[in-house]
Amino acid sequence: MGTDEGLRAAECFHPSDEEIEKWMDDAFDTAKDALENGEVPVGCLMVYSNQVIGKGRNEVNETKNATRHAEMVALDQLLAWCRHSNLDVSSVCERTALYVTVEPCIMCAAALRLLNIPVVVYGCRNERFGGCGSVLDVSSASLPQTGSTFKCVSGHRAEEAVEMLKTFYKQENPNGDQNLSLLLFLLSSPLLSSLFSSPRLIFSYISSLVSSFLLLSDFCFYAVSQELFINFFFAILSFLPFLYITS
């Protein structure tokens, strides 16, 4: 289904106020569960024919996987439900609405578009990574061969969603000391001293550090665990021996 068909589907398929209230209640309950489990408090539901076929909350810290946003978890469940029910994924997605407490990020908005989800109802805006207009408008941009545009209904209980996010940001990371020790260990590794024998390696190393800490600023803004950053930083360090060998 292309962009024009997507617009027509979104116009014809619009949840009622009662449906929005009902399903957003469940989405907020799921977000609260995320908060209680040390995750960024975002929760969502995928609703098809008045039935929840996908339900997700952020699992980034739990899985140490930065892609496990609430929407991606719910989409995985939707796909599994279609396989189990022996139903065509495209046909189901075209009649499925997403209810989520925070505006989907660019990654999630792109996934929703590729699967031709026609309607997204969300609470507060995502000012740093929003894919429905706050940063990029993936939802309505003219992008050939990238699925269909989708309609957004925003602002439902937005203040409550923001307050939940603020509550999460104020929490301390229980793994903070452990992660800091690991980072210091990596920085003091004997490998690093051998790298500074070459100007090229020095430049590569410093560039990697700058990139790492620029990403860290975004991670910290959204209170993603320091452990996730450590894993990312370690991945960068793992490339340094290759640079050393090839220099």
# chains A, B, ... in the order shown; residues from 1 in each chain; ligands from 1

call {"tool": "residues_around", "arguments": {"residues": "Leu78 in chain A", "least_positions_apart": "2", "cutoff": "10 Å", "atoms": "only C-alpha atoms", "output": "list in words"}}
result
Leu45, Met46, Val47, Tyr48, Val52, Ile53, Gly54, Lys55, Met72, Val73, Ala74, Leu75, Asp76, Ala80, Trp81, Cys82, Arg83, His84, Val89, Val92, Cys93 and Thr96 of chain A

call {"tool": "write_last_selection", "arguments": {"atoms": "N, CA and C atoms", "output": "PDB file, in the first residue's frame"}}
result
ATOM      1  N   LEU A  45       0.105  -0.205  23.046  1.00  0.00           N
ATOM      2  CA  LEU A  45      -0.752  -1.318  22.639  1.00  0.00           C
ATOM      3  C   LEU A  45      -0.961  -1.262  21.134  1.00  0.00           C
ATOM      4  N   MET A  46      -1.004  -2.434  20.498  1.00  0.00           N
ATOM      5  CA  MET A  46      -1.414  -2.557  19.102  1.00  0.00           C
ATOM      6  C   MET A  46      -2.807  -3.182  19.126  1.00  0.00           C
ATOM      7  N   VAL A  47      -3.803  -2.461  18.626  1.00  0.00           N
ATOM      8  CA  VAL A  47      -5.196  -2.903  18.730  1.00  0.00           C
ATOM      9  C   VAL A  47      -5.768  -3.160  17.336  1.00  0.00           C
ATOM     10  N   TYR A  48      -6.250  -4.386  17.152  1.00  0.00           N
ATOM     11  CA  TYR A  48      -6.845  -4.807  15.877  1.00  0.00           C
ATOM     12  C   TYR A  48      -8.223  -5.391  16.157  1.00  0.00           C
ATOM     13  N   VAL A  52      -6.356  -6.512  21.644  1.00  0.00           N
ATOM     14  CA  VAL A  52      -4.929  -6.206  21.799  1.00  0.00           C
ATOM     15  C   VAL A  52      -4.116  -7.365  21.237  1.00  0.00           C
ATOM     16  N   ILE A  53      -3.363  -7.103  20.180  1.00  0.00           N
ATOM     17  CA  ILE A  53      -2.546  -8.162  19.581  1.00  0.00           C
ATOM     18  C   ILE A  53      -1.049  -7.902  19.768  1.00  0.00           C
ATOM     19  N   GLY A  54      -0.740  -6.787  20.398  1.00  0.00           N
ATOM     20  CA  GLY A  54       0.647  -6.478  20.724  1.00  0.00           C
ATOM     21  C   GLY A  54       0.681  -5.510  21.887  1.00  0.00           C
ATOM     22  N   LYS A  55       1.545  -5.765  22.842  1.00  0.00           N
ATOM     23  CA  LYS A  55       1.642  -4.918  24.026  1.00  0.00           C
ATOM     24  C   LYS A  55       3.110  -4.835  24.419  1.00  0.00           C
ATOM     25  N   MET A  72       8.642  -1.495  19.307  1.00  0.00           N
ATOM     26  CA  MET A  72       9.282  -2.636  18.653  1.00  0.00           C
ATOM     27  C   MET A  72       8.887  -3.945  19.332  1.00  0.00           C
ATOM     28  N   VAL A  73       8.765  -3.908  20.655  1.00  0.00           N
ATOM     29  CA  VAL A  73       8.317  -5.091  21.397  1.00  0.00           C
ATOM     30  C   VAL A  73       6.896  -5.456  20.975  1.00  0.00           C
ATOM     31  N   ALA A  74       6.028  -4.443  20.890  1.00  0.00           N
ATOM     32  CA  ALA A  74       4.634  -4.692  20.506  1.00  0.00           C
ATOM     33  C   ALA A  74       4.524  -5.183  19.063  1.00  0.00           C
ATOM     34  N   LEU A  75       5.345  -4.644  18.176  1.00  0.00           N
ATOM     35  CA  LEU A  75       5.315  -5.091  16.779  1.00  0.00           C
ATOM     36  C   LEU A  75       5.761  -6.540  16.647  1.00  0.00           C
ATOM     37  N   ASP A  76       6.739  -6.935  17.437  1.00  0.00           N
ATOM     38  CA  ASP A  76       7.149  -8.346  17.429  1.00  0.00           C
ATOM     39  C   ASP A  76       5.984  -9.245  17.832  1.00  0.00           C
ATOM     40  N   ALA A  80       4.000 -12.146  15.616  1.00  0.00           N
ATOM     41  CA  ALA A  80       3.828 -13.504  16.142  1.00  0.00           C
ATOM     42  C   ALA A  80       2.353 -13.885  16.167  1.00  0.00           C
ATOM     43  N   TRP A  81       1.502 -12.927  16.525  1.00  0.00           N
ATOM     44  CA  TRP A  81       0.057 -13.187  16.564  1.00  0.00           C
ATOM     45  C   TRP A  81      -0.461 -13.512  15.162  1.00  0.00           C
ATOM     46  N   CYS A  82       0.002 -12.782  14.170  1.00  0.00           N
ATOM     47  CA  CYS A  82      -0.423 -13.046  12.786  1.00  0.00           C
ATOM     48  C   CYS A  82      -0.008 -14.443  12.341  1.00  0.00           C
ATOM     49  N   ARG A  83       1.201 -14.837  12.678  1.00  0.00           N
ATOM     50  CA  ARG A  83       1.657 -16.182  12.303  1.00  0.00           C
ATOM     51  C   ARG A  83       0.820 -17.244  12.993  1.00  0.00           C
ATOM     52  N   HIS A  84       0.572 -17.047  14.289  1.00  0.00           N
ATOM     53  CA  HIS A  84      -0.203 -18.025  15.061  1.00  0.00           C
ATOM     54  C   HIS A  84      -1.644 -18.108  14.562  1.00  0.00           C
ATOM     55  N   VAL A  89      -0.133 -10.465   7.403  1.00  0.00           N
ATOM     56  CA  VAL A  89       0.386  -9.348   8.198  1.00  0.00           C
ATOM     57  C   VAL A  89      -0.060  -8.008   7.630  1.00  0.00           C
ATOM     58  N   VAL A  92      -3.702  -7.196   8.406  1.00  0.00           N
ATOM     59  CA  VAL A  92      -3.903  -6.892   9.827  1.00  0.00           C
ATOM     60  C   VAL A  92      -3.368  -5.506  10.159  1.00  0.00           C
ATOM     61  N   CYS A  93      -2.163  -5.202   9.713  1.00  0.00           N
ATOM     62  CA  CYS A  93      -1.543  -3.919  10.038  1.00  0.00           C
ATOM     63  C   CYS A  93      -2.359  -2.741   9.519  1.00  0.00           C
ATOM     64  N   THR A  96      -4.899  -1.790  12.122  1.00  0.00           N
ATOM     65  CA  THR A  96      -4.400  -1.789  13.500  1.00  0.00           C
ATOM     66  C   THR A  96      -4.027  -0.373  13.921  1.00  0.00           C
TER      67      THR A  96
END

call {"tool": "closest_residue", "arguments": {"among": "A:Arg113, A:Glu59, A:Glu163, A:Leu87", "to": "Thr146 in chain A", "atoms": "only C-alpha atoms"}}
result
A:Arg113

call {"tool": "residues_around", "arguments": {"residues": "Arg68 in chain A", "least_positions_apart": "5", "cutoff": "9 Å", "atoms": "only C-alpha atoms", "output": "NGL selection string"}}
result
:A and (57-61 or 63 or 73)

call {"tool": "residues_around", "arguments": {"residues": "Val121 in chain A", "least_positions_apart": "3", "cutoff": "10 Å", "atoms": "only C-alpha atoms", "output": "PDB file with C-alpha atoms, in the first residue's frame"}}
result
ATOM      1  CA  HIS A  14     -10.180   6.689  13.197  1.00  0.00           C
ATOM      2  CA  PRO A  15     -10.684   5.456  16.779  1.00  0.00           C
ATOM      3  CA  ILE A  20      -8.760   6.259  22.834  1.00  0.00           C
ATOM      4  CA  TRP A  23      -6.679   1.842  25.278  1.00  0.00           C
ATOM      5  CA  MET A  24      -4.559   4.728  26.509  1.00  0.00           C
ATOM      6  CA  CYS A  44       1.963   0.909  24.079  1.00  0.00           C
ATOM      7  CA  LEU A  45      -0.752  -1.318  22.639  1.00  0.00           C
ATOM      8  CA  ALA A  97      -4.033   1.296  15.693  1.00  0.00           C
ATOM      9  CA  LEU A  98      -1.087   2.028  17.963  1.00  0.00           C
ATOM     10  CA  TYR A  99      -1.692   3.630  21.353  1.00  0.00           C
ATOM     11  CA  VAL A 100       1.520   4.831  23.014  1.00  0.00           C
ATOM     12  CA  THR A 101       2.296   7.180  25.889  1.00  0.00           C
ATOM     13  CA  VAL A 102       5.144   9.046  24.128  1.00  0.00           C
ATOM     14  CA  GLU A 103       5.608  10.058  20.484  1.00  0.00           C
ATOM     15  CA  PRO A 104       7.420   7.245  18.653  1.00  0.00           C
ATOM     16  CA  LYS A 151      -2.288   9.745  10.968  1.00  0.00           C
ATOM     17  CA  CYS A 152      -1.242  10.952  14.427  1.00  0.00           C
ATOM     18  CA  VAL A 153      -3.567  11.867  17.284  1.00  0.00           C
ATOM     19  CA  SER A 154      -1.423  13.569  19.903  1.00  0.00           C
ATOM     20  CA  GLY A 155      -1.716  15.124  23.346  1.00  0.00           C
ATOM     21  CA  HIS A 156      -3.792  12.547  25.216  1.00  0.00           C
TER      22      HIS A 156
END

call {"tool": "residues_around", "arguments": {"residues": "Leu114 in chain A", "least_positions_apart": "3", "cutoff": "7 Å", "atoms": "only C-alpha atoms", "output": "VMD selection string"}}
result
chain A and resid 110 to 111 146 to 148

call {"tool": "write_last_selection", "arguments": {"atoms": "N, CA and C atoms", "output": "short mmCIF file (atom, residue, chain, number, x, y, z; two decimals), in the first residue's frame"}}
result
data_model
loop_
_atom_site.label_atom_id
_atom_site.label_comp_id
_atom_site.auth_asym_id
_atom_site.auth_seq_id
_atom_site.Cartn_x
_atom_site.Cartn_y
_atom_site.Cartn_z
N ALA A 110 9.50 4.82 11.59
CA ALA A 110 9.82 4.20 10.31
C ALA A 110 9.29 2.77 10.24
N ALA A 111 9.41 2.03 11.34
CA ALA A 111 8.89 0.66 11.37
C ALA A 111 7.38 0.65 11.20
N THR A 146 8.52 3.49 0.85
CA THR A 146 8.81 3.31 2.28
C THR A 146 7.53 3.10 3.07
N GLY A 147 6.60 2.36 2.51
CA GLY A 147 5.35 2.13 3.20
C GLY A 147 4.41 3.31 3.06
N SER A 148 3.47 3.41 4.01
CA SER A 148 2.43 4.43 3.93
C SER A 148 2.54 5.43 5.06
#

call {"tool": "select_by_dssp", "arguments": {"residues": "range 3-127 of chain A", "states": "alpha helix (DSSP H)", "output": "VMD selection string"}}
result
chain A and resid 3 to 12 17 to 36 60 to 63 70 to 85 89 to 93 106 to 114

call {"tool": "residues_around", "arguments": {"residues": "Lys32 in chain A", "least_positions_apart": "3", "cutoff": "8 Å", "atoms": "only C-alpha atoms", "output": "NGL selection string"}}
result
:A and (28-29 or 35-36 or 41-43 or 164)

call {"tool": "write_last_selection", "arguments": {"atoms": "C-alpha atoms", "output": "mmCIF file, in the first residue's frame"}}
result
data_model
loop_
_atom_site.group_PDB
_atom_site.id
_atom_site.type_symbol
_atom_site.label_atom_id
_atom_site.label_comp_id
_atom_site.auth_asym_id
_atom_site.auth_seq_id
_atom_site.Cartn_x
_atom_site.Cartn_y
_atom_site.Cartn_z
ATOM 1 C CA PHE A 28 -0.234 4.136 30.722
ATOM 2 C CA ASP A 29 -0.513 1.115 33.016
ATOM 3 C CA LEU A 35 8.979 2.660 35.436
ATOM 4 C CA GLU A 36 8.717 0.166 38.282
ATOM 5 C CA PRO A 41 8.285 4.765 31.182
ATOM 6 C CA VAL A 42 6.839 4.225 27.729
ATOM 7 C CA GLY A 43 4.043 1.749 27.126
ATOM 8 C CA MET A 164 6.350 9.922 34.446
#
